[in-house]
>>> print(open('start03.tsv').read())   # TSV, C-alpha atoms
chain	number	residue	atom	x	y	z
A	1	MET	CA	-45.44	-10.31	16.93
A	2	MET	CA	-43.38	-9.27	19.89
A	3	VAL	CA	-41.66	-12.02	21.82
A	4	SER	CA	-40.43	-11.30	25.32
A	5	ALA	CA	-36.81	-12.28	25.18
A	6	ASP	CA	-35.35	-11.84	28.61
A	7	PRO	CA	-35.83	-14.90	30.84
A	8	MET	CA	-34.50	-13.01	33.87
A	9	GLU	CA	-37.23	-10.38	33.72
A	10	GLN	CA	-39.52	-12.52	35.90
A	11	PHE	CA	-37.14	-12.23	38.86
A	12	VAL	CA	-37.09	-8.44	39.02
A	13	ILE	CA	-38.17	-7.12	42.40
A	14	GLN	CA	-40.82	-4.41	42.14
A	15	ARG	CA	-41.67	-2.06	44.97
A	16	TRP	CA	-45.42	-2.14	45.09
A	17	LEU	CA	-45.83	-0.15	48.27
A	18	PRO	CA	-42.78	2.00	48.98
A	19	ILE	CA	-42.03	2.23	52.69
A	20	HIS	CA	-38.90	3.98	53.88
A	21	ILE	CA	-38.19	4.13	57.58
A	22	GLY	CA	-35.03	5.83	58.76
A	23	GLY	CA	-32.98	5.11	55.66
A	24	LEU	CA	-34.14	1.51	55.55
A	25	ASP	CA	-35.97	0.35	52.47
A	26	LEU	CA	-38.87	-1.67	53.86
A	27	SER	CA	-41.00	-1.46	50.75
A	28	PHE	CA	-43.67	-4.06	50.22
A	29	THR	CA	-42.45	-5.80	47.08
A	30	ASN	CA	-43.90	-8.41	44.79
A	31	SER	CA	-41.68	-10.91	46.60
A	32	ALA	CA	-43.12	-9.89	49.95
A	33	LEU	CA	-46.63	-10.13	48.56
A	34	PHE	CA	-46.23	-13.71	47.39
A	35	MET	CA	-44.51	-14.71	50.62
A	36	THR	CA	-47.51	-13.32	52.49
A	37	VAL	CA	-49.94	-15.05	50.15
A	38	GLY	CA	-48.09	-18.33	50.62
A	39	ILE	CA	-48.12	-18.11	54.39
A	40	LEU	CA	-51.79	-17.11	54.42
A	41	LEU	CA	-52.59	-20.05	52.14
A	42	VAL	CA	-50.86	-22.50	54.49
A	43	ILE	CA	-52.51	-21.05	57.59
A	44	GLY	CA	-55.89	-20.78	55.87
A	45	PHE	CA	-55.79	-24.30	54.54
A	46	LEU	CA	-54.72	-25.85	57.83
A	47	ALA	CA	-57.24	-23.79	59.80
A	48	PHE	CA	-60.01	-24.80	57.41
A	49	ALA	CA	-58.95	-28.45	57.36
A	50	THR	CA	-58.83	-28.72	61.13
A	51	SER	CA	-61.85	-26.57	61.92
A	52	LYS	CA	-64.25	-29.51	62.10
A	53	MET	CA	-62.06	-32.32	63.37
A	54	SER	CA	-63.50	-35.79	63.40
A	55	THR	CA	-62.11	-39.24	64.12
A	56	ILE	CA	-63.00	-40.29	60.63
A	57	PRO	CA	-61.29	-37.49	58.72
A	58	THR	CA	-62.81	-35.77	55.78
A	59	ARG	CA	-60.75	-35.52	52.62
A	60	VAL	CA	-59.40	-32.09	53.52
A	61	GLN	CA	-58.60	-33.10	57.07
A	62	SER	CA	-56.74	-36.20	55.99
A	63	LEU	CA	-54.75	-34.12	53.51
A	64	ALA	CA	-53.68	-31.87	56.38
A	65	GLU	CA	-52.90	-34.95	58.47
A	66	ILE	CA	-50.80	-36.50	55.72
A	67	TRP	CA	-48.96	-33.21	55.33
A	68	PHE	CA	-48.20	-32.99	59.02
A	69	GLN	CA	-47.35	-36.65	59.43
A	70	PHE	CA	-44.95	-36.47	56.53
A	71	VAL	CA	-42.92	-33.76	58.26
A	72	ASP	CA	-43.32	-35.44	61.63
A	73	GLY	CA	-42.00	-38.63	60.03
A	74	ILE	CA	-38.93	-36.86	58.67
A	75	VAL	CA	-38.10	-35.42	62.09
A	76	HIS	CA	-38.75	-38.78	63.75
A	77	ASP	CA	-36.54	-40.62	61.27
A	78	VAL	CA	-33.60	-38.29	61.79
A	79	ASN	CA	-33.88	-37.06	65.39
A	80	HIS	CA	-35.99	-39.82	66.95
A	81	LYS	CA	-37.57	-38.74	70.23
A	82	ASP	CA	-35.36	-35.69	70.75
A	83	GLY	CA	-36.77	-34.08	67.64
A	84	LYS	CA	-40.28	-33.56	69.00
A	85	PRO	CA	-39.80	-29.91	70.06
A	86	TYR	CA	-38.50	-29.04	66.60
A	87	VAL	CA	-41.39	-30.46	64.58
A	88	PRO	CA	-43.16	-27.07	64.40
A	89	LEU	CA	-40.01	-25.37	63.15
A	90	VAL	CA	-39.33	-27.98	60.48
A	91	PHE	CA	-43.01	-28.00	59.53
A	92	THR	CA	-42.98	-24.23	59.09
A	93	ILE	CA	-39.83	-24.30	56.97
A	94	PHE	CA	-41.09	-27.18	54.85
A	95	SER	CA	-44.53	-25.68	54.31
A	96	PHE	CA	-43.23	-22.24	53.49
A	97	ILE	CA	-40.72	-23.47	50.92
A	98	PHE	CA	-43.17	-25.94	49.42
A	99	ILE	CA	-45.97	-23.41	49.01
A	100	ALA	CA	-43.64	-20.65	47.85
A	101	ASN	CA	-42.19	-22.99	45.21
A	102	LEU	CA	-45.61	-24.12	44.02
A	103	LEU	CA	-47.01	-20.57	43.97
A	104	GLY	CA	-44.02	-19.45	41.95
A	105	LEU	CA	-44.85	-22.01	39.27
A	106	LEU	CA	-48.22	-20.44	38.50
A	107	PRO	CA	-48.17	-18.02	35.58
A	108	GLY	CA	-48.00	-14.39	36.59
A	109	THR	CA	-46.71	-15.03	40.07
A	110	PHE	CA	-43.34	-14.31	41.57
A	111	ALA	CA	-41.07	-17.12	42.74
A	112	THR	CA	-39.88	-15.83	46.10
A	113	THR	CA	-37.52	-18.76	46.63
A	114	SER	CA	-35.59	-17.81	43.51
A	115	HIS	CA	-33.85	-15.05	45.45
A	116	VAL	CA	-30.82	-15.84	47.51
A	117	ALA	CA	-31.92	-13.20	50.03
A	118	VAL	CA	-34.91	-15.35	51.00
A	119	THR	CA	-33.23	-18.74	50.96
A	120	GLY	CA	-30.08	-17.30	52.53
A	121	ALA	CA	-32.08	-15.83	55.40
A	122	MET	CA	-33.63	-19.23	56.11
A	123	ALA	CA	-30.29	-21.01	55.79
A	124	LEU	CA	-28.56	-18.54	58.12
A	125	PHE	CA	-31.40	-18.90	60.59
A	126	VAL	CA	-30.92	-22.66	60.69
A	127	PHE	CA	-27.14	-22.20	60.93
A	128	ALA	CA	-27.46	-19.74	63.82
A	129	LEU	CA	-30.03	-21.92	65.55
A	130	VAL	CA	-27.69	-24.92	65.40
A	131	ILE	CA	-24.86	-22.91	66.98
A	132	VAL	CA	-27.04	-21.37	69.70
A	133	LEU	CA	-28.80	-24.63	70.48
A	134	GLY	CA	-25.57	-26.60	70.41
A	135	VAL	CA	-23.80	-24.27	72.80
A	136	TRP	CA	-26.85	-23.97	75.02
A	137	LYS	CA	-27.43	-27.73	75.28
A	138	ASN	CA	-23.85	-28.94	75.33
A	139	GLY	CA	-21.72	-25.97	76.28
A	140	PHE	CA	-18.09	-26.57	75.46
A	141	LYS	CA	-18.80	-30.10	74.26
A	142	PHE	CA	-20.42	-28.61	71.18
A	143	LEU	CA	-16.92	-28.29	69.72
A	144	LYS	CA	-16.93	-32.06	69.46
A	145	ILE	CA	-18.69	-31.73	66.11
A	146	PHE	CA	-15.27	-30.82	64.75
A	147	THR	CA	-13.58	-33.90	66.18
A	148	PRO	CA	-15.53	-37.01	65.25
A	149	SER	CA	-14.78	-40.09	67.30
A	150	GLY	CA	-12.75	-42.94	65.87
A	151	VAL	CA	-10.11	-40.80	64.19
A	152	PRO	CA	-6.43	-41.51	65.04
A	153	TRP	CA	-4.75	-38.72	67.04
A	154	TRP	CA	-2.23	-37.79	64.39
A	155	LEU	CA	-5.03	-37.10	61.91
A	156	ILE	CA	-7.43	-35.28	64.21
A	157	TRP	CA	-6.17	-31.74	63.54
A	158	PHE	CA	-6.62	-32.26	59.81
A	159	VAL	CA	-10.10	-33.73	60.21
A	160	ALA	CA	-10.97	-30.80	62.47
A	161	ILE	CA	-10.04	-28.35	59.70
A	162	ILE	CA	-12.10	-30.31	57.18
A	163	GLU	CA	-15.04	-30.46	59.59
A	164	PHE	CA	-14.76	-26.72	60.14
A	165	PHE	CA	-14.93	-26.16	56.40
A	166	SER	CA	-17.93	-28.43	56.07
A	167	PHE	CA	-19.65	-26.66	58.97
A	168	LEU	CA	-19.14	-23.30	57.28
A	169	SER	CA	-20.35	-24.61	53.94
A	170	ARG	CA	-23.72	-25.68	55.33
A	171	PRO	CA	-25.65	-22.41	55.09
A	172	LEU	CA	-24.18	-21.73	51.67
A	173	SER	CA	-25.15	-25.19	50.49
A	174	LEU	CA	-28.69	-24.88	51.86
A	175	ALA	CA	-29.27	-21.43	50.38
A	176	MET	CA	-27.61	-22.12	47.06
A	177	ARG	CA	-29.38	-25.38	46.32
A	178	LEU	CA	-32.86	-23.97	46.81
A	179	PHE	CA	-32.42	-20.68	45.01
A	180	ALA	CA	-30.37	-22.17	42.15
A	181	ASN	CA	-32.90	-24.92	41.49
A	182	VAL	CA	-35.88	-22.58	41.48
A	183	LEU	CA	-34.04	-19.99	39.40
A	184	GLY	CA	-32.72	-22.56	36.95
A	185	GLY	CA	-36.08	-24.26	36.62
A	186	HIS	CA	-37.88	-21.02	35.86
A	187	VAL	CA	-35.25	-19.87	33.39
A	188	SER	CA	-35.26	-23.15	31.49
A	189	LEU	CA	-39.06	-23.18	31.40
A	190	THR	CA	-39.15	-19.61	30.05
A	191	VAL	CA	-36.45	-20.24	27.48
A	192	PHE	CA	-38.01	-23.44	26.16
A	193	ALA	CA	-41.49	-21.94	26.12
A	194	GLY	CA	-40.01	-18.94	24.31
A	195	PHE	CA	-38.92	-21.24	21.48
A	196	ILE	CA	-42.53	-21.82	20.48
A	197	PRO	CA	-43.42	-18.26	19.42
A	198	GLN	CA	-39.91	-17.74	18.06
A	199	LEU	CA	-40.28	-20.81	15.84
A	200	ALA	CA	-43.76	-19.78	14.80
A	201	VAL	CA	-42.50	-16.35	13.74
A	202	GLY	CA	-39.25	-17.57	12.19
A	203	LEU	CA	-40.53	-20.55	10.18
A	204	PRO	CA	-44.06	-19.79	9.06
A	205	ILE	CA	-45.56	-23.29	8.65
A	206	TRP	CA	-42.98	-25.79	9.88
A	207	GLY	CA	-42.19	-23.66	12.88
A	208	VAL	CA	-45.72	-23.94	14.20
A	209	ALA	CA	-45.67	-27.70	13.71
A	210	ILE	CA	-42.28	-28.18	15.37
A	211	GLY	CA	-43.16	-25.82	18.17
A	212	GLY	CA	-46.51	-27.39	18.80
A	213	LEU	CA	-45.57	-31.04	18.41
A	214	LEU	CA	-42.06	-31.12	19.86
A	215	VAL	CA	-41.43	-28.14	22.10
A	216	LEU	CA	-44.82	-27.80	23.74
A	217	PRO	CA	-44.92	-31.41	25.10
A	218	MET	CA	-41.41	-30.86	26.38
A	219	VAL	CA	-42.45	-27.71	28.21
A	220	VAL	CA	-45.39	-29.60	29.71
A	221	GLY	CA	-42.98	-32.30	30.86
A	222	LEU	CA	-40.60	-29.72	32.28
A	223	SER	CA	-43.47	-28.14	34.21
A	224	ALA	CA	-44.24	-31.50	35.77
A	225	LEU	CA	-40.57	-31.89	36.67
A	226	GLU	CA	-40.64	-28.44	38.27
A	227	VAL	CA	-43.56	-29.49	40.47
A	228	LEU	CA	-41.53	-32.50	41.61
A	229	ILE	CA	-38.52	-30.28	42.25
A	230	ALA	CA	-40.66	-27.79	44.15
A	231	PHE	CA	-41.54	-30.57	46.55
A	232	LEU	CA	-38.08	-32.12	46.62
A	233	GLN	CA	-36.32	-28.89	47.48
A	234	ALA	CA	-38.65	-28.31	50.40
A	235	TYR	CA	-38.07	-31.90	51.49
A	236	VAL	CA	-34.28	-31.66	51.22
A	237	PHE	CA	-34.25	-28.37	53.12
A	238	ALA	CA	-36.39	-29.90	55.86
A	239	ILE	CA	-34.35	-33.08	56.17
A	240	LEU	CA	-31.07	-31.17	56.27
A	241	THR	CA	-32.47	-28.90	58.96
A	242	CYS	CA	-33.15	-32.07	60.96
A	243	VAL	CA	-29.67	-33.45	60.28
A	244	TYR	CA	-28.03	-30.20	61.40
A	245	LEU	CA	-30.26	-29.98	64.48
A	246	ASN	CA	-29.16	-33.51	65.30
A	247	ASP	CA	-25.56	-32.29	65.34
A	248	ALA	CA	-26.52	-29.54	67.75
A	249	LEU	CA	-28.27	-32.00	70.05
A	250	HIS	CA	-25.67	-34.77	69.85
A	251	PRO	CA	-22.29	-33.38	68.84
A	252	GLY	CA	-19.38	-35.66	68.22
A	253	HIS	CA	-20.91	-38.91	67.07
B	1	MET	CA	-57.11	-42.59	88.28
B	2	GLY	CA	-54.34	-40.09	87.45
B	3	ASP	CA	-51.64	-42.73	87.82
B	4	ASP	CA	-53.60	-45.06	85.68
B	5	LEU	CA	-53.77	-42.48	82.92
B	6	ASN	CA	-50.06	-41.73	83.22
B	7	GLU	CA	-49.29	-45.40	82.97
B	8	ARG	CA	-51.43	-45.75	79.91
B	9	ILE	CA	-49.79	-42.73	78.31
B	10	ALA	CA	-46.34	-44.10	79.10
B	11	LYS	CA	-47.29	-47.46	77.68
B	12	ALA	CA	-48.74	-45.99	74.51
B	13	GLN	CA	-45.70	-43.75	74.09
B	14	ALA	CA	-43.35	-46.71	74.53
B	15	GLU	CA	-45.27	-48.58	71.87
B	16	LEU	CA	-45.02	-45.60	69.54
B	17	ASP	CA	-41.29	-45.27	70.11
B	18	ALA	CA	-40.70	-48.96	69.61
B	19	GLN	CA	-42.52	-48.88	66.31
B	20	THR	CA	-40.29	-49.01	63.31
B	21	ARG	CA	-42.01	-46.60	61.05
B	22	PRO	CA	-41.77	-47.37	57.39
B	23	PRO	CA	-39.72	-44.64	55.77
B	24	VAL	CA	-42.22	-42.07	54.57
B	25	ARG	CA	-40.16	-40.85	51.73
B	26	ASP	CA	-39.17	-43.05	48.89
B	27	THR	CA	-40.36	-41.07	45.92
B	28	GLY	CA	-37.62	-38.95	44.50
B	29	LYS	CA	-35.29	-39.80	47.33
B	30	GLY	CA	-32.40	-40.43	44.98
B	31	LEU	CA	-33.00	-37.15	43.20
B	32	GLY	CA	-33.02	-35.32	46.52
B	33	LEU	CA	-29.78	-37.05	47.48
B	34	GLY	CA	-28.24	-35.96	44.21
B	35	PHE	CA	-29.20	-32.32	44.80
B	36	ARG	CA	-27.75	-32.57	48.27
B	37	MET	CA	-24.42	-33.96	47.16
B	38	ALA	CA	-23.99	-31.58	44.25
B	39	SER	CA	-24.63	-28.43	46.24
B	40	ASP	CA	-22.66	-29.67	49.27
B	41	PHE	CA	-19.65	-30.17	47.06
B	42	VAL	CA	-19.93	-26.83	45.30
B	43	ALA	CA	-20.57	-25.00	48.57
B	44	ALA	CA	-17.50	-26.56	50.19
B	45	VAL	CA	-15.26	-25.48	47.31
B	46	ILE	CA	-16.71	-21.95	47.36
B	47	VAL	CA	-16.23	-21.72	51.13
B	48	GLY	CA	-12.63	-22.83	50.67
B	49	ALA	CA	-12.05	-20.21	48.01
B	50	LEU	CA	-13.66	-17.42	50.05
B	51	LEU	CA	-11.78	-18.37	53.22
B	52	GLY	CA	-8.48	-18.53	51.36
B	53	TRP	CA	-9.16	-15.21	49.69
B	54	GLY	CA	-10.01	-13.64	53.04
B	55	ILE	CA	-6.86	-15.00	54.67
B	56	ASP	CA	-4.78	-13.67	51.79
B	57	ALA	CA	-6.38	-10.25	52.04
B	58	LEU	CA	-5.82	-10.15	55.80
B	59	PHE	CA	-2.25	-11.44	56.00
B	60	GLY	CA	-0.92	-10.59	52.55
B	61	THR	CA	0.11	-14.14	51.74
B	62	THR	CA	-1.35	-13.73	48.33
B	63	PRO	CA	-1.45	-16.91	46.36
B	64	TRP	CA	-0.88	-19.43	49.16
B	65	GLY	CA	-3.96	-19.01	51.32
B	66	LEU	CA	-6.22	-19.35	48.31
B	67	ILE	CA	-4.37	-22.40	46.98
B	68	VAL	CA	-4.29	-24.25	50.31
B	69	CYS	CA	-7.88	-23.42	51.25
B	70	LEU	CA	-9.19	-24.27	47.81
B	71	VAL	CA	-7.60	-27.72	48.07
B	72	LEU	CA	-8.99	-28.11	51.60
B	73	GLY	CA	-12.42	-27.07	50.34
B	74	PHE	CA	-12.19	-29.65	47.59
B	75	ILE	CA	-11.25	-32.34	50.11
B	76	THR	CA	-14.19	-31.27	52.29
B	77	GLY	CA	-16.55	-31.46	49.35
B	78	VAL	CA	-15.47	-34.97	48.41
B	79	ARG	CA	-15.67	-36.06	52.03
B	80	LEU	CA	-19.20	-34.66	52.37
B	81	MET	CA	-20.31	-36.51	49.26
B	82	VAL	CA	-18.76	-39.77	50.38
B	83	ARG	CA	-20.38	-39.41	53.80
B	84	THR	CA	-23.81	-38.69	52.33
B	85	ALA	CA	-23.45	-41.67	50.00
B	86	ASN	CA	-22.40	-43.93	52.88
B	87	GLU	CA	-25.35	-42.84	54.99
B	88	ALA	CA	-27.76	-43.35	52.12
B	89	GLY	CA	-26.30	-46.79	51.50
B	90	LYS	CA	-26.73	-47.71	55.14
B	91	THR	CA	-30.33	-46.46	55.21
B	92	ALA	CA	-31.14	-48.34	52.03
B	93	GLY	CA	-29.43	-51.51	53.22
B	94	ASP	CA	-31.06	-51.46	56.60
B	95	ALA	CA	-34.76	-52.22	56.73
B	96	ASP	CA	-34.91	-50.96	60.29
B	97	ALA	CA	-34.90	-47.20	59.91
B	98	GLY	CA	-34.42	-46.62	63.62
B	99	LYS	CA	-30.95	-48.10	63.85
B	100	VAL	CA	-29.27	-45.99	61.26
B	101	LYS	CA	-28.84	-42.50	62.56
B	102	ASP	CA	-26.70	-43.32	65.59
B	103	GLU	CA	-23.66	-43.81	63.41
B	104	GLY	CA	-24.60	-40.81	61.32
B	105	ASP	CA	-21.61	-38.53	61.29
B	106	GLY	CA	-19.00	-40.94	62.53
B	107	ALA	CA	-17.37	-41.71	59.20
>>> encode(input="start03.tsv", output="structure tokens")
Amino acid sequence: MMVSADPMEQFVIQRWLPIHIGGLDLSFTNSALFMTVGILLVIGFLAFATSKMSTIPTRVQSLAEIWFQFVDGIVHDVNHKDGKPYVPLVFTIFSFIFIANLLGLLPGTFATTSHVAVTGAMALFVFALVIVLGVWKNGFKFLKIFTPSGVPWWLIWFVAIIEFFSFLSRPLSLAMRLFANVLGGHVSLTVFAGFIPQLAVGLPIWGVAIGGLLVLPMVVGLSALEVLIAFLQAYVFAILTCVYLNDALHPGH
Amino acid sequence: MGDDLNERIAKAQAELDAQTRPPVRDTGKGLGLGFRMASDFVAAVIVGALLGWGIDALFGTTPWGLIVCLVLGFITGVRLMVRTANEAGKTAGDADAGKVKDEGDGA
């Protein structure tokens, strides 16, 4: 019996439709495919759920409403009234990450959020948006985010350096957390699930019993944990987007 | 008629804004907070290391930029964690979710 040993194999990018334009590699990869599928699923579901709107919502419609109100609630909690224009952005980010994470958990799919290129692009987008929005809305006053109020004057230069560091660490933190959690979750799932056939091959009778009675329930539990993490990572990304947007709108609290 | 509608919209909006919404998100909040703190800390240290390394490469001050910036990154990481913990404590201690955010990044 052949047991696939390499837990990193699932993250290999495959070019399914090679496209090269002017030296750029724009191939349609497995990652791109599952991103597209995820986005289409979100759009399709929401379009279907809201196609026949009624005051008394059907089950599907209320699911869509809960989904939207959850994100709306996050933005409202963090940004209050000023956050209204950014609800669509946060909703898009949350939905994309959530669906991409969930899709990646299905067997045979590709976890797009396990690549730092994807999460990094989103994190840098949020980072750039905060800078552009902050400068646009506040002009020079945006620099106040580096000098929080209530700090004595002889300490302010030091705090400013620390704040600068923390500002720079934001995109890294956003990108790293998402990709590392998805990557780590998938690797641990694969490794633990790999124990079952390895035990069955290595220890003819006891191995099957240990694998089936001990390892398999653990893998099932881990899968459940991964579903929770899939949601939590999307939630954390969304809430941090709101927190950072709040800095852009009101620097120097 | 138009004014009447505007008034009603304004009134409804004021009621909405005055509402203290129950926090939507209690499940797994602590876990999310933990993820946040862990990666904030690590990211701050990495940013410190990268910045120090870059400064060293640019100005040829070889060990000192890295050492100083690494320490600064560590301080930043601890500060970020403490701030996140403080904010979480305030949110948890305060039933009125609306009051919390104003003091957000003041610590």
>>> closest_residue(input="start03.tsv", among="A:Asn246, A:Ser188, A:Asn181, A:Ser166", to="Thr76 of chain B", atoms="all atoms listed in the file")
A:Ser166
>>> interface_residues(input="start03.tsv", of="chain A", to="chain B", cutoff="8 Å", atoms="all atoms listed in the file", output="list in words")
Phe70, Gly73, Ile74, Asp77, Val78, Asn79, His80, Lys81, Pro148, Ser149, Gly150, Ile162, Glu163, Phe165, Ser166, Leu168, Ser169, Arg170, Leu172, Ser173, Leu174, Met176, Arg177, Leu232, Gln233, Tyr235, Val236, Gly252 and His253 of chain A
>>> atom_distance(input="start03.tsv", atom1="atom CA of Ala234 of chain A", atom2="atom CA of Phe94 of chain A")
5.2 Å
>>> atom_distance(input="start03.tsv", atom1="atom CA of Gln61 of chain A", atom2="atom CA of Ile239 of chain A")
24.3 Å
>>> atom_distance(input="start03.tsv", atom1="atom CA of Gln19 of chain B", atom2="atom CA of Ala88 of chain B")
21.2 Å
>>> build_atoms(input="start03.tsv", residues="segment 42-59 of chain A", atoms="N, CA, C and O atoms", output="PDB file, keeping the file's coordinate frame")
ATOM      1  N   VAL A  42     -51.155 -21.371  53.591  1.00  0.00           N
ATOM      2  CA  VAL A  42     -50.860 -22.500  54.490  1.00  0.00           C
ATOM      3  C   VAL A  42     -51.736 -22.411  55.729  1.00  0.00           C
ATOM      4  O   VAL A  42     -52.422 -23.376  56.110  1.00  0.00           O
ATOM      5  N   ILE A  43     -51.739 -21.218  56.355  1.00  0.00           N
ATOM      6  CA  ILE A  43     -52.510 -21.050  57.590  1.00  0.00           C
ATOM      7  C   ILE A  43     -53.989 -21.266  57.305  1.00  0.00           C
ATOM      8  O   ILE A  43     -54.684 -21.991  58.029  1.00  0.00           O
ATOM      9  N   GLY A  44     -54.477 -20.652  56.208  1.00  0.00           N
ATOM     10  CA  GLY A  44     -55.890 -20.780  55.870  1.00  0.00           C
ATOM     11  C   GLY A  44     -56.291 -22.207  55.619  1.00  0.00           C
ATOM     12  O   GLY A  44     -57.297 -22.691  56.147  1.00  0.00           O
ATOM     13  N   PHE A  45     -55.464 -22.918  54.854  1.00  0.00           N
ATOM     14  CA  PHE A  45     -55.790 -24.300  54.540  1.00  0.00           C
ATOM     15  C   PHE A  45     -55.824 -25.156  55.797  1.00  0.00           C
ATOM     16  O   PHE A  45     -56.760 -25.928  56.014  1.00  0.00           O
ATOM     17  N   LEU A  46     -54.785 -25.011  56.634  1.00  0.00           N
ATOM     18  CA  LEU A  46     -54.720 -25.850  57.830  1.00  0.00           C
ATOM     19  C   LEU A  46     -55.838 -25.502  58.802  1.00  0.00           C
ATOM     20  O   LEU A  46     -56.421 -26.384  59.434  1.00  0.00           O
ATOM     21  N   ALA A  47     -56.163 -24.190  58.903  1.00  0.00           N
ATOM     22  CA  ALA A  47     -57.240 -23.790  59.800  1.00  0.00           C
ATOM     23  C   ALA A  47     -58.571 -24.349  59.307  1.00  0.00           C
ATOM     24  O   ALA A  47     -59.373 -24.876  60.084  1.00  0.00           O
ATOM     25  N   PHE A  48     -58.771 -24.283  57.989  1.00  0.00           N
ATOM     26  CA  PHE A  48     -60.010 -24.800  57.410  1.00  0.00           C
ATOM     27  C   PHE A  48     -60.076 -26.323  57.587  1.00  0.00           C
ATOM     28  O   PHE A  48     -61.110 -26.880  57.977  1.00  0.00           O
ATOM     29  N   ALA A  49     -58.941 -26.992  57.329  1.00  0.00           N
ATOM     30  CA  ALA A  49     -58.950 -28.450  57.360  1.00  0.00           C
ATOM     31  C   ALA A  49     -59.164 -28.988  58.771  1.00  0.00           C
ATOM     32  O   ALA A  49     -59.713 -30.077  58.946  1.00  0.00           O
ATOM     33  N   THR A  50     -58.712 -28.222  59.763  1.00  0.00           N
ATOM     34  CA  THR A  50     -58.830 -28.720  61.130  1.00  0.00           C
ATOM     35  C   THR A  50     -59.942 -28.048  61.905  1.00  0.00           C
ATOM     36  O   THR A  50     -60.017 -28.174  63.122  1.00  0.00           O
ATOM     37  N   SER A  51     -60.808 -27.298  61.196  1.00  0.00           N
ATOM     38  CA  SER A  51     -61.850 -26.570  61.920  1.00  0.00           C
ATOM     39  C   SER A  51     -62.915 -27.528  62.447  1.00  0.00           C
ATOM     40  O   SER A  51     -63.429 -27.367  63.542  1.00  0.00           O
ATOM     41  N   LYS A  52     -63.263 -28.529  61.642  1.00  0.00           N
ATOM     42  CA  LYS A  52     -64.250 -29.510  62.100  1.00  0.00           C
ATOM     43  C   LYS A  52     -63.567 -30.870  62.164  1.00  0.00           C
ATOM     44  O   LYS A  52     -63.689 -31.684  61.255  1.00  0.00           O
ATOM     45  N   MET A  53     -62.814 -31.076  63.256  1.00  0.00           N
ATOM     46  CA  MET A  53     -62.060 -32.320  63.370  1.00  0.00           C
ATOM     47  C   MET A  53     -63.007 -33.473  63.675  1.00  0.00           C
ATOM     48  O   MET A  53     -63.936 -33.340  64.458  1.00  0.00           O
ATOM     49  N   SER A  54     -62.739 -34.610  63.048  1.00  0.00           N
ATOM     50  CA  SER A  54     -63.500 -35.790  63.400  1.00  0.00           C
ATOM     51  C   SER A  54     -62.570 -36.995  63.366  1.00  0.00           C
ATOM     52  O   SER A  54     -61.508 -36.948  62.748  1.00  0.00           O
ATOM     53  N   THR A  55     -62.964 -38.060  64.065  1.00  0.00           N
ATOM     54  CA  THR A  55     -62.110 -39.240  64.120  1.00  0.00           C
ATOM     55  C   THR A  55     -61.962 -39.855  62.742  1.00  0.00           C
ATOM     56  O   THR A  55     -60.903 -40.330  62.366  1.00  0.00           O
ATOM     57  N   ILE A  56     -63.082 -39.846  62.013  1.00  0.00           N
ATOM     58  CA  ILE A  56     -63.000 -40.290  60.630  1.00  0.00           C
ATOM     59  C   ILE A  56     -62.797 -39.031  59.802  1.00  0.00           C
ATOM     60  O   ILE A  56     -63.729 -38.244  59.623  1.00  0.00           O
ATOM     61  N   PRO A  57     -61.560 -38.797  59.332  1.00  0.00           N
ATOM     62  CA  PRO A  57     -61.290 -37.490  58.720  1.00  0.00           C
ATOM     63  C   PRO A  57     -61.964 -37.329  57.368  1.00  0.00           C
ATOM     64  O   PRO A  57     -62.135 -38.303  56.626  1.00  0.00           O
ATOM     65  N   THR A  58     -62.329 -36.095  57.111  1.00  0.00           N
ATOM     66  CA  THR A  58     -62.810 -35.770  55.780  1.00  0.00           C
ATOM     67  C   THR A  58     -61.601 -35.726  54.849  1.00  0.00           C
ATOM     68  O   THR A  58     -60.472 -35.845  55.290  1.00  0.00           O
ATOM     69  N   ARG A  59     -61.865 -35.533  53.567  1.00  0.00           N
ATOM     70  CA  ARG A  59     -60.750 -35.520  52.620  1.00  0.00           C
ATOM     71  C   ARG A  59     -59.750 -34.407  52.948  1.00  0.00           C
ATOM     72  O   ARG A  59     -58.550 -34.619  52.932  1.00  0.00           O
TER      73      ARG A  59
END
